[in-house]
file entry17.cif (mmCIF, C-alpha atoms)
data_target
#
loop_
_atom_site.label_atom_id
_atom_site.label_comp_id
_atom_site.auth_asym_id
_atom_site.auth_seq_id
_atom_site.Cartn_x
_atom_site.Cartn_y
_atom_site.Cartn_z
CA MET A 26 -141.11 -5.31 -103.98
CA ALA A 27 -138.09 -6.11 -106.16
CA LYS A 28 -138.54 -2.79 -108.01
CA GLU A 29 -138.46 -0.83 -104.69
CA THR A 30 -135.26 -2.58 -103.58
CA ARG A 31 -133.61 -1.85 -106.94
CA LYS A 32 -134.61 1.85 -106.64
CA GLU A 33 -133.08 2.10 -103.13
CA ASP A 34 -129.87 0.46 -104.39
CA GLU A 35 -129.69 2.94 -107.28
CA GLU A 36 -130.22 5.92 -104.93
CA GLU A 37 -127.56 4.59 -102.54
CA LEU A 38 -125.16 4.00 -105.41
CA THR A 39 -125.82 7.52 -106.66
CA GLY A 40 -125.08 8.82 -103.13
CA ARG A 41 -121.76 6.96 -103.04
CA GLU A 42 -120.84 8.19 -106.50
CA SER A 43 -121.76 11.71 -105.46
CA PHE A 44 -119.54 11.43 -102.39
CA LYS A 45 -116.65 10.10 -104.48
CA LEU A 46 -117.12 12.92 -106.97
CA ASP A 47 -117.21 15.53 -104.18
CA LEU A 48 -114.11 14.00 -102.60
CA PHE A 49 -112.33 14.03 -105.97
CA PHE A 50 -113.10 17.74 -106.49
CA TRP A 51 -112.03 18.64 -102.92
CA LEU A 52 -108.76 16.76 -103.35
CA GLN A 53 -108.20 18.49 -106.67
CA ALA A 54 -108.78 21.90 -105.04
CA PHE A 55 -106.48 20.99 -102.13
CA VAL A 56 -103.66 19.93 -104.47
CA ALA A 57 -104.07 23.12 -106.54
CA VAL A 58 -103.88 25.32 -103.40
CA LEU A 59 -100.91 23.34 -102.10
CA CYS A 60 -99.08 23.75 -105.42
CA ALA A 61 -99.83 27.49 -105.43
CA LEU A 62 -98.47 27.85 -101.89
CA VAL A 63 -95.31 25.94 -102.79
CA LEU A 64 -94.75 28.19 -105.81
CA VAL A 65 -95.41 31.38 -103.82
CA PHE A 66 -93.11 30.40 -100.97
CA SER A 67 -90.43 29.06 -103.30
CA PHE A 68 -90.22 32.04 -105.63
CA LEU A 69 -91.96 35.11 -104.22
CA GLY A 70 -91.45 34.71 -100.51
CA ARG A 71 -90.05 32.31 -97.97
CA VAL A 72 -90.54 31.61 -94.32
CA ILE A 73 -87.40 31.31 -92.17
CA VAL A 74 -86.82 30.91 -88.42
CA VAL A 75 -84.16 33.05 -86.70
CA ASP A 76 -81.44 30.90 -85.18
CA GLY A 77 -79.35 32.77 -82.62
CA SER A 78 -79.13 36.21 -81.03
CA SER A 79 -77.00 38.17 -83.52
CA MET A 80 -79.91 40.45 -84.50
CA VAL A 81 -81.16 41.34 -80.99
CA PRO A 82 -82.95 43.72 -80.30
CA THR A 83 -84.48 43.81 -83.82
CA LEU A 84 -85.07 40.05 -84.12
CA HIS A 85 -84.95 37.26 -81.56
CA HIS A 86 -84.12 33.56 -81.56
CA GLY A 87 -87.15 31.60 -82.81
CA ASP A 88 -88.85 34.51 -84.64
CA LEU A 89 -90.63 33.27 -87.77
CA LEU A 90 -89.85 35.62 -90.69
CA LEU A 91 -91.42 36.23 -94.10
CA LEU A 92 -88.91 37.04 -96.86
CA GLN A 93 -89.22 38.63 -100.28
CA GLY A 94 -87.04 36.75 -102.73
CA ILE A 95 -87.86 37.46 -106.37
CA GLY A 96 -87.29 40.98 -107.61
CA TYR A 97 -85.26 41.96 -104.55
CA THR A 98 -82.27 44.28 -105.02
CA PRO A 99 -79.99 44.62 -101.97
CA GLU A 100 -79.87 48.06 -100.37
CA GLN A 101 -77.99 49.50 -97.42
CA GLY A 102 -79.95 49.02 -94.18
CA ASP A 103 -81.99 46.03 -95.38
CA ILE A 104 -82.17 42.94 -93.18
CA VAL A 105 -81.48 39.86 -95.28
CA VAL A 106 -81.15 36.11 -94.96
CA LEU A 107 -77.97 34.52 -96.35
CA THR A 108 -77.23 30.92 -97.25
CA LYS A 109 -73.44 31.14 -97.21
CA GLU A 110 -71.97 28.54 -94.88
CA PHE A 111 -69.16 29.53 -92.53
CA GLN A 112 -67.92 28.59 -89.05
CA ASN A 113 -69.69 25.22 -89.34
CA VAL A 114 -73.09 26.96 -89.57
CA ASP A 115 -75.19 25.37 -92.28
CA THR A 116 -78.51 27.11 -91.54
CA PRO A 117 -79.52 30.44 -93.11
CA ILE A 118 -78.15 33.48 -91.27
CA VAL A 119 -79.89 36.81 -90.73
CA LYS A 120 -77.88 40.07 -90.96
CA ARG A 121 -78.24 43.75 -91.84
CA ILE A 122 -76.63 45.14 -95.01
CA ILE A 123 -74.17 47.84 -94.02
CA ALA A 124 -72.76 48.52 -97.49
CA THR A 125 -73.28 47.40 -101.08
CA GLY A 126 -70.94 47.04 -104.07
CA GLY A 127 -68.52 49.94 -104.57
CA GLN A 128 -68.94 51.40 -101.07
CA THR A 129 -66.12 51.58 -98.52
CA VAL A 130 -66.54 50.53 -94.90
CA HIS A 131 -64.41 51.67 -91.95
CA ILE A 132 -65.08 50.41 -88.42
CA ASP A 133 -63.74 52.50 -85.52
CA TYR A 134 -63.97 50.38 -82.37
CA SER A 135 -62.68 53.20 -80.13
CA THR A 136 -65.86 55.21 -80.84
CA SER A 137 -68.08 52.21 -81.72
CA THR A 138 -68.82 53.83 -85.07
CA VAL A 139 -69.24 52.35 -88.55
CA TYR A 140 -68.45 54.64 -91.50
CA VAL A 141 -69.67 54.02 -95.03
CA ASP A 142 -68.01 56.17 -97.71
CA GLY A 143 -66.63 58.35 -94.89
CA VAL A 144 -70.04 59.05 -93.32
CA ALA A 145 -70.85 57.74 -89.82
CA LEU A 146 -73.96 55.56 -89.80
CA ASP A 147 -76.85 56.49 -87.52
CA GLU A 148 -77.63 53.10 -86.00
CA PRO A 149 -80.37 53.31 -83.36
CA TYR A 150 -81.06 49.60 -83.89
CA ILE A 151 -77.79 48.23 -82.43
CA ASN A 152 -77.96 46.41 -79.11
CA GLU A 153 -74.94 47.98 -77.40
CA LEU A 154 -71.64 49.71 -78.15
CA MET A 155 -69.18 47.54 -80.09
CA ARG A 156 -66.15 46.06 -78.39
CA MET A 157 -63.04 45.05 -80.31
CA PRO A 158 -63.51 41.34 -81.08
CA MET A 159 -60.93 38.70 -80.27
CA GLY A 160 -58.96 37.37 -83.20
CA GLU A 161 -58.61 38.66 -86.72
CA THR A 162 -61.17 41.22 -87.85
CA ILE A 163 -61.86 43.32 -90.93
CA THR A 164 -61.98 47.05 -90.13
CA ASP A 165 -61.50 48.58 -93.61
CA VAL A 166 -62.85 47.24 -96.88
CA THR A 167 -64.14 48.32 -100.26
CA VAL A 168 -67.11 46.12 -101.09
CA PRO A 169 -66.72 44.45 -104.52
CA GLU A 170 -69.50 44.99 -107.07
CA GLY A 171 -72.18 42.32 -106.72
CA SER A 172 -71.40 41.84 -103.02
CA VAL A 173 -72.57 43.21 -99.67
CA PHE A 174 -71.01 43.85 -96.25
CA VAL A 175 -73.28 42.62 -93.46
CA MET A 176 -73.34 42.95 -89.69
CA GLY A 177 -75.64 41.80 -86.90
CA ASP A 178 -77.44 44.35 -84.73
CA ASN A 179 -76.04 42.60 -81.66
CA ARG A 180 -72.48 43.47 -82.69
CA ASN A 181 -70.72 41.88 -79.73
CA ASN A 182 -72.42 38.53 -80.37
CA SER A 183 -72.41 38.41 -84.16
CA SER A 184 -70.18 36.60 -86.61
CA ASP A 185 -70.56 38.72 -89.72
CA SER A 186 -68.57 40.38 -92.52
CA ARG A 187 -65.99 41.54 -89.96
CA VAL A 188 -64.87 37.90 -89.74
CA PRO A 189 -62.44 37.23 -92.62
CA GLU A 190 -63.90 33.74 -93.12
CA LEU A 191 -67.21 35.38 -94.18
CA GLY A 192 -66.01 38.80 -95.36
CA THR A 193 -68.05 40.47 -98.06
CA VAL A 194 -70.88 38.26 -99.30
CA ASP A 195 -71.78 37.68 -102.94
CA GLU A 196 -75.38 38.80 -103.57
CA ARG A 197 -76.17 35.34 -104.97
CA TYR A 198 -76.08 34.02 -101.38
CA ILE A 199 -79.00 36.29 -100.39
CA LEU A 200 -82.28 34.37 -100.09
CA GLY A 201 -84.24 37.59 -99.67
CA GLU A 202 -85.10 40.61 -97.59
CA VAL A 203 -86.92 40.17 -94.29
CA LEU A 204 -90.36 41.80 -94.56
CA LEU A 205 -92.32 40.66 -91.51
CA VAL A 206 -92.08 38.82 -88.23
CA LEU A 207 -94.98 36.36 -88.37
CA PHE A 208 -94.54 34.64 -85.01
CA PRO A 209 -94.54 34.99 -82.01
CA PHE A 210 -97.60 37.19 -82.24
CA GLN A 211 -96.29 39.77 -79.75
CA ASN A 212 -93.43 40.47 -82.23
CA PHE A 213 -95.68 40.44 -85.32
CA GLY A 214 -95.02 43.34 -87.68
CA ILE A 215 -92.88 44.94 -90.37
CA VAL A 216 -89.13 44.73 -89.82
CA HIS A 217 -86.96 47.86 -90.09
#
call {"tool": "encode", "arguments": {"input": "entry17.cif", "output": "structure tokens"}}
result
Amino acid sequence: MAKETRKEDEEELTGRESFKLDLFFWLQAFVAVLCALVLVFSFLGRVIVVDGSSMVPTLHHGDLLLLQGIGYTPEQGDIVVLTKEFQNVDTPIVKRIIATGGQTVHIDYSTSTVYVDGVALDEPYINELMRMPMGETITDVTVPEGSVFVMGDNRNNSSDSRVPELGTVDERYILGEVLLVLFPFQNFGIVH
């Protein structure tokens, strides 16, 4: 009888050890996956939430965006996320690149037209015709090398490179290019 009890104890102990071993391996796998996700989202891509309406109709307040960070080179027309703080805004801001280093920008409010290097931009993505903003505004600028000139698609409700406080933005402030809207699901898709 004592031998049978000892055998049951050994089997139960083996079961507990097996459970502990399984738990250890699952925790190890979970930590490895978590580390991989942190590395991917820290270096290759990031997830950002849109705060505000400056990119309507392209993006909306609360949209969850996937960004490409590493290996990104700014190009005219790209939608990017910037970390430069201005006007007491300390969250990342989302804007469209209008011009890159070396290009000239001219904004004609009477015709609601933006010119880059003397050529009028075709901008089907803007929300409505631009009105002349109140206060000081930049209408003519040559973008310094290593910088970009950005504007929101909702031009009448966007603080962007037209505001002298922001002006042209050093490329080092760019977190990355917006690739996808992840959420809400009805807006899911590639961003143009």
call {"tool": "atom_distance", "arguments": {"input": "entry17.cif", "atom1": "atom CA of His131 of chain A", "atom2": "atom CA of Glu196 of chain A"}}
result
20.5 Å
call {"tool": "resolve_selection", "arguments": {"input": "entry17.cif", "expression": "the PyMOL selection byres ((chain A and resi 128) around 12)", "output": "number ranges by chain"}}
result
A: 100-101, 122-127, 129-131, 140-144, 165-174, 193
call {"tool": "residues_around", "arguments": {"input": "entry17.cif", "residues": "His217 of chain A", "least_positions_apart": "2", "cutoff": "9 Å", "atoms": "only C-alpha atoms", "output": "tab-separated table (two decimals) with C-alpha atoms, keeping the file's coordinate frame"}}
result
chain	number	residue	atom	x	y	z
A	83	THR	CA	-84.48	43.81	-83.82
A	102	GLY	CA	-79.95	49.02	-94.18
A	103	ASP	CA	-81.99	46.03	-95.38
A	104	ILE	CA	-82.17	42.94	-93.18
A	150	TYR	CA	-81.06	49.60	-83.89
A	203	VAL	CA	-86.92	40.17	-94.29
A	204	LEU	CA	-90.36	41.80	-94.56
A	215	ILE	CA	-92.88	44.94	-90.37
call {"tool": "closest_residue", "arguments": {"input": "entry17.cif", "among": "A:Tyr134, A:Phe111, A:Trp51, A:Phe210", "to": "Val188 of chain A", "atoms": "all atoms listed in the file"}}
result
A:Phe111
call {"tool": "closest_residue", "arguments": {"input": "entry17.cif", "among": "A:Pro99, A:Ile73, A:Ser184, A:Gly201", "to": "Asn113 of chain A", "atoms": "only C-alpha atoms"}}
result
A:Ser184
call {"tool": "atom_distance", "arguments": {"input": "entry17.cif", "atom1": "atom CA of Lys109 of chain A", "atom2": "atom CA of Pro209 of chain A"}}
result
26.3 Å
call {"tool": "closest_residue", "arguments": {"input": "entry17.cif", "among": "A:Asp185, A:Glu110, A:Glu161, A:Asp178", "to": "Tyr198 of chain A", "atoms": "all atoms listed in the file"}}
result
A:Glu110
call {"tool": "residues_around", "arguments": {"input": "entry17.cif", "residues": "Thr138 of chain A", "least_positions_apart": "5", "cutoff": "10 Å", "atoms": "only C-alpha atoms", "output": "CSV table (one decimal) with C-alpha atoms, in the frame of the given file"}}
result
chain,number,residue,atom,x,y,z
A,131,HIS,CA,-64.4,51.7,-92.0
A,132,ILE,CA,-65.1,50.4,-88.4
A,133,ASP,CA,-63.7,52.5,-85.5
A,144,VAL,CA,-70.0,59.0,-93.3
A,145,ALA,CA,-70.8,57.7,-89.8
A,146,LEU,CA,-74.0,55.6,-89.8
A,147,ASP,CA,-76.8,56.5,-87.5
A,148,GLU,CA,-77.6,53.1,-86.0
A,154,LEU,CA,-71.6,49.7,-78.2
A,155,MET,CA,-69.2,47.5,-80.1
call {"tool": "closest_residue", "arguments": {"input": "entry17.cif", "among": "A:Leu200, A:Leu107, A:Val63, A:Val75", "to": "Gly94 of chain A", "atoms": "all atoms listed in the file"}}
result
A:Leu200
call {"tool": "resolve_selection", "arguments": {"input": "entry17.cif", "expression": "the PyMOL selection byres ((chain A and resi 95) around 9)", "output": "list in words"}}
result
Phe68, Leu69, Gly70, Gln93, Gly94, Gly96, Tyr97, Thr98, Leu200 and Gly201 of chain A
call {"tool": "atom_distance", "arguments": {"input": "entry17.cif", "atom1": "atom CA of Val175 of chain A", "atom2": "atom CA of Arg187 of chain A"}}
result
8.2 Å
call {"tool": "closest_residue", "arguments": {"input": "entry17.cif", "among": "A:Gly77, A:Pro149, A:Gly214, A:Gly87", "to": "Asn182 of chain A", "atoms": "all atoms listed in the file"}}
result
A:Gly77
call {"tool": "resolve_selection", "arguments": {"input": "entry17.cif", "expression": "the PyMOL selection byres ((chain A and resi 74) around 9)", "output": "ChimeraX atom specification"}}
result
/A:72-73,75-76,86-90,117
call {"tool": "axis_aligned_box", "arguments": {"input": "entry17.cif", "around": "segment 162-178 of chain A", "padding_each_side": "8 Å", "output": "JSON"}}
result
{"center_x": -69.3, "center_y": 44.9, "center_z": -95.9, "size_x": 32.3, "size_y": 23.4, "size_z": 38.3}
call {"tool": "residues_around", "arguments": {"input": "entry17.cif", "residues": "Met80 of chain A", "least_positions_apart": "2", "cutoff": "7 Å", "atoms": "all atoms listed in the file", "output": "list in words"}}
result
Ser78, Pro82, Thr83, Leu84, His85, Lys120, Gly177, Asp178 and Asn179 of chain A
call {"tool": "write_last_selection", "arguments": {"input": "entry17.cif", "atoms": "C-alpha atoms", "output": "CSV table (one decimal), in the frame of the given file"}}
result
chain,number,residue,atom,x,y,z
A,78,SER,CA,-79.1,36.2,-81.0
A,82,PRO,CA,-83.0,43.7,-80.3
A,83,THR,CA,-84.5,43.8,-83.8
A,84,LEU,CA,-85.1,40.0,-84.1
A,85,HIS,CA,-85.0,37.3,-81.6
A,120,LYS,CA,-77.9,40.1,-91.0
A,177,GLY,CA,-75.6,41.8,-86.9
A,178,ASP,CA,-77.4,44.4,-84.7
A,179,ASN,CA,-76.0,42.6,-81.7
call {"tool": "closest_residue", "arguments": {"input": "entry17.cif", "among": "A:Arg197, A:Phe208, A:Phe213, A:Phe50", "to": "Thr108 of chain A", "atoms": "all atoms listed in the file"}}
result
A:Arg197
call {"tool": "build_atoms", "arguments": {"input": "entry17.cif", "residues": "segment 122-155 of chain A", "atoms": "N, CA and C atoms", "output": "PDB file, in the coordinates of the input"}}
result
ATOM      1  N   ILE A 122     -77.588  44.659 -94.008  1.00  0.00           N
ATOM      2  CA  ILE A 122     -76.630  45.140 -95.010  1.00  0.00           C
ATOM      3  C   ILE A 122     -76.121  46.511 -94.569  1.00  0.00           C
ATOM      4  N   ILE A 123     -74.817  46.596 -94.419  1.00  0.00           N
ATOM      5  CA  ILE A 123     -74.170  47.840 -94.020  1.00  0.00           C
ATOM      6  C   ILE A 123     -73.710  48.611 -95.262  1.00  0.00           C
ATOM      7  N   ALA A 124     -73.241  47.880 -96.259  1.00  0.00           N
ATOM      8  CA  ALA A 124     -72.760  48.520 -97.490  1.00  0.00           C
ATOM      9  C   ALA A 124     -72.960  47.582 -98.660  1.00  0.00           C
ATOM     10  N   THR A 125     -73.110  48.175 -99.845  1.00  0.00           N
ATOM     11  CA  THR A 125     -73.280  47.400-101.080  1.00  0.00           C
ATOM     12  C   THR A 125     -72.067  47.639-101.982  1.00  0.00           C
ATOM     13  N   GLY A 126     -72.060  46.984-103.136  1.00  0.00           N
ATOM     14  CA  GLY A 126     -70.940  47.040-104.070  1.00  0.00           C
ATOM     15  C   GLY A 126     -70.458  48.455-104.371  1.00  0.00           C
ATOM     16  N   GLY A 127     -69.137  48.647-104.259  1.00  0.00           N
ATOM     17  CA  GLY A 127     -68.520  49.940-104.570  1.00  0.00           C
ATOM     18  C   GLY A 127     -68.369  50.839-103.359  1.00  0.00           C
ATOM     19  N   GLN A 128     -69.054  50.554-102.259  1.00  0.00           N
ATOM     20  CA  GLN A 128     -68.940  51.400-101.070  1.00  0.00           C
ATOM     21  C   GLN A 128     -67.762  50.959-100.214  1.00  0.00           C
ATOM     22  N   THR A 129     -67.220  51.901 -99.435  1.00  0.00           N
ATOM     23  CA  THR A 129     -66.120  51.580 -98.520  1.00  0.00           C
ATOM     24  C   THR A 129     -66.651  51.578 -97.093  1.00  0.00           C
ATOM     25  N   VAL A 130     -66.132  50.664 -96.299  1.00  0.00           N
ATOM     26  CA  VAL A 130     -66.540  50.530 -94.900  1.00  0.00           C
ATOM     27  C   VAL A 130     -65.301  50.711 -94.028  1.00  0.00           C
ATOM     28  N   HIS A 131     -65.458  51.515 -92.972  1.00  0.00           N
ATOM     29  CA  HIS A 131     -64.410  51.670 -91.950  1.00  0.00           C
ATOM     30  C   HIS A 131     -65.087  51.512 -90.596  1.00  0.00           C
ATOM     31  N   ILE A 132     -64.534  50.646 -89.762  1.00  0.00           N
ATOM     32  CA  ILE A 132     -65.080  50.410 -88.420  1.00  0.00           C
ATOM     33  C   ILE A 132     -64.090  50.950 -87.404  1.00  0.00           C
ATOM     34  N   ASP A 133     -64.553  51.901 -86.573  1.00  0.00           N
ATOM     35  CA  ASP A 133     -63.740  52.500 -85.520  1.00  0.00           C
ATOM     36  C   ASP A 133     -64.249  51.972 -84.185  1.00  0.00           C
ATOM     37  N   TYR A 134     -63.531  50.991 -83.617  1.00  0.00           N
ATOM     38  CA  TYR A 134     -63.970  50.380 -82.370  1.00  0.00           C
ATOM     39  C   TYR A 134     -63.806  51.318 -81.181  1.00  0.00           C
ATOM     40  N   SER A 135     -62.876  52.286 -81.257  1.00  0.00           N
ATOM     41  CA  SER A 135     -62.680  53.200 -80.130  1.00  0.00           C
ATOM     42  C   SER A 135     -63.901  54.090 -79.910  1.00  0.00           C
ATOM     43  N   THR A 136     -64.635  54.395 -80.969  1.00  0.00           N
ATOM     44  CA  THR A 136     -65.860  55.210 -80.840  1.00  0.00           C
ATOM     45  C   THR A 136     -67.119  54.394 -81.104  1.00  0.00           C
ATOM     46  N   SER A 137     -66.959  53.106 -81.398  1.00  0.00           N
ATOM     47  CA  SER A 137     -68.080  52.210 -81.720  1.00  0.00           C
ATOM     48  C   SER A 137     -68.888  52.754 -82.889  1.00  0.00           C
ATOM     49  N   THR A 138     -68.173  53.205 -83.927  1.00  0.00           N
ATOM     50  CA  THR A 138     -68.820  53.830 -85.070  1.00  0.00           C
ATOM     51  C   THR A 138     -68.461  53.091 -86.357  1.00  0.00           C
ATOM     52  N   VAL A 139     -69.450  52.939 -87.229  1.00  0.00           N
ATOM     53  CA  VAL A 139     -69.240  52.350 -88.550  1.00  0.00           C
ATOM     54  C   VAL A 139     -69.398  53.485 -89.558  1.00  0.00           C
ATOM     55  N   TYR A 140     -68.413  53.618 -90.448  1.00  0.00           N
ATOM     56  CA  TYR A 140     -68.450  54.640 -91.500  1.00  0.00           C
ATOM     57  C   TYR A 140     -68.620  53.947 -92.851  1.00  0.00           C
ATOM     58  N   VAL A 141     -69.503  54.487 -93.660  1.00  0.00           N
ATOM     59  CA  VAL A 141     -69.670  54.020 -95.030  1.00  0.00           C
ATOM     60  C   VAL A 141     -69.422  55.215 -95.935  1.00  0.00           C
ATOM     61  N   ASP A 142     -68.436  55.071 -96.825  1.00  0.00           N
ATOM     62  CA  ASP A 142     -68.010  56.170 -97.710  1.00  0.00           C
ATOM     63  C   ASP A 142     -67.691  57.423 -96.910  1.00  0.00           C
ATOM     64  N   GLY A 143     -67.062  57.229 -95.722  1.00  0.00           N
ATOM     65  CA  GLY A 143     -66.630  58.350 -94.890  1.00  0.00           C
ATOM     66  C   GLY A 143     -67.705  58.976 -94.024  1.00  0.00           C
ATOM     67  N   VAL A 144     -68.936  58.496 -94.101  1.00  0.00           N
ATOM     68  CA  VAL A 144     -70.040  59.050 -93.320  1.00  0.00           C
ATOM     69  C   VAL A 144     -70.427  58.068 -92.209  1.00  0.00           C
ATOM     70  N   ALA A 145     -70.474  58.586 -90.960  1.00  0.00           N
ATOM     71  CA  ALA A 145     -70.850  57.740 -89.820  1.00  0.00           C
ATOM     72  C   ALA A 145     -72.313  57.326 -89.951  1.00  0.00           C
ATOM     73  N   LEU A 146     -72.581  56.046 -89.743  1.00  0.00           N
ATOM     74  CA  LEU A 146     -73.960  55.560 -89.800  1.00  0.00           C
ATOM     75  C   LEU A 146     -74.702  55.900 -88.521  1.00  0.00           C
ATOM     76  N   ASP A 147     -75.959  56.308 -88.659  1.00  0.00           N
ATOM     77  CA  ASP A 147     -76.850  56.490 -87.520  1.00  0.00           C
ATOM     78  C   ASP A 147     -77.505  55.127 -87.304  1.00  0.00           C
ATOM     79  N   GLU A 148     -77.166  54.473 -86.213  1.00  0.00           N
ATOM     80  CA  GLU A 148     -77.630  53.100 -86.000  1.00  0.00           C
ATOM     81  C   GLU A 148     -78.369  52.954 -84.664  1.00  0.00           C
ATOM     82  N   PRO A 149     -79.603  53.435 -84.608  1.00  0.00           N
ATOM     83  CA  PRO A 149     -80.370  53.310 -83.360  1.00  0.00           C
ATOM     84  C   PRO A 149     -80.780  51.870 -83.056  1.00  0.00           C
ATOM     85  N   TYR A 150     -80.613  50.983 -84.024  1.00  0.00           N
ATOM     86  CA  TYR A 150     -81.060  49.600 -83.890  1.00  0.00           C
ATOM     87  C   TYR A 150     -80.033  48.692 -83.216  1.00  0.00           C
ATOM     88  N   ILE A 151     -78.785  49.150 -83.004  1.00  0.00           N
ATOM     89  CA  ILE A 151     -77.790  48.230 -82.430  1.00  0.00           C
ATOM     90  C   ILE A 151     -78.084  47.997 -80.951  1.00  0.00           C
ATOM     91  N   ASN A 152     -77.665  46.832 -80.470  1.00  0.00           N
ATOM     92  CA  ASN A 152     -77.960  46.410 -79.110  1.00  0.00           C
ATOM     93  C   ASN A 152     -77.134  47.148 -78.073  1.00  0.00           C
ATOM     94  N   GLU A 153     -75.836  47.315 -78.338  1.00  0.00           N
ATOM     95  CA  GLU A 153     -74.940  47.980 -77.400  1.00  0.00           C
ATOM     96  C   GLU A 153     -73.692  48.433 -78.155  1.00  0.00           C
ATOM     97  N   LEU A 154     -72.860  49.233 -77.516  1.00  0.00           N
ATOM     98  CA  LEU A 154     -71.640  49.710 -78.150  1.00  0.00           C
ATOM     99  C   LEU A 154     -70.741  48.522 -78.499  1.00  0.00           C
ATOM    100  N   MET A 155     -70.064  48.627 -79.634  1.00  0.00           N
ATOM    101  CA  MET A 155     -69.180  47.540 -80.090  1.00  0.00           C
ATOM    102  C   MET A 155     -67.898  47.497 -79.275  1.00  0.00           C
TER     103      MET A 155
END
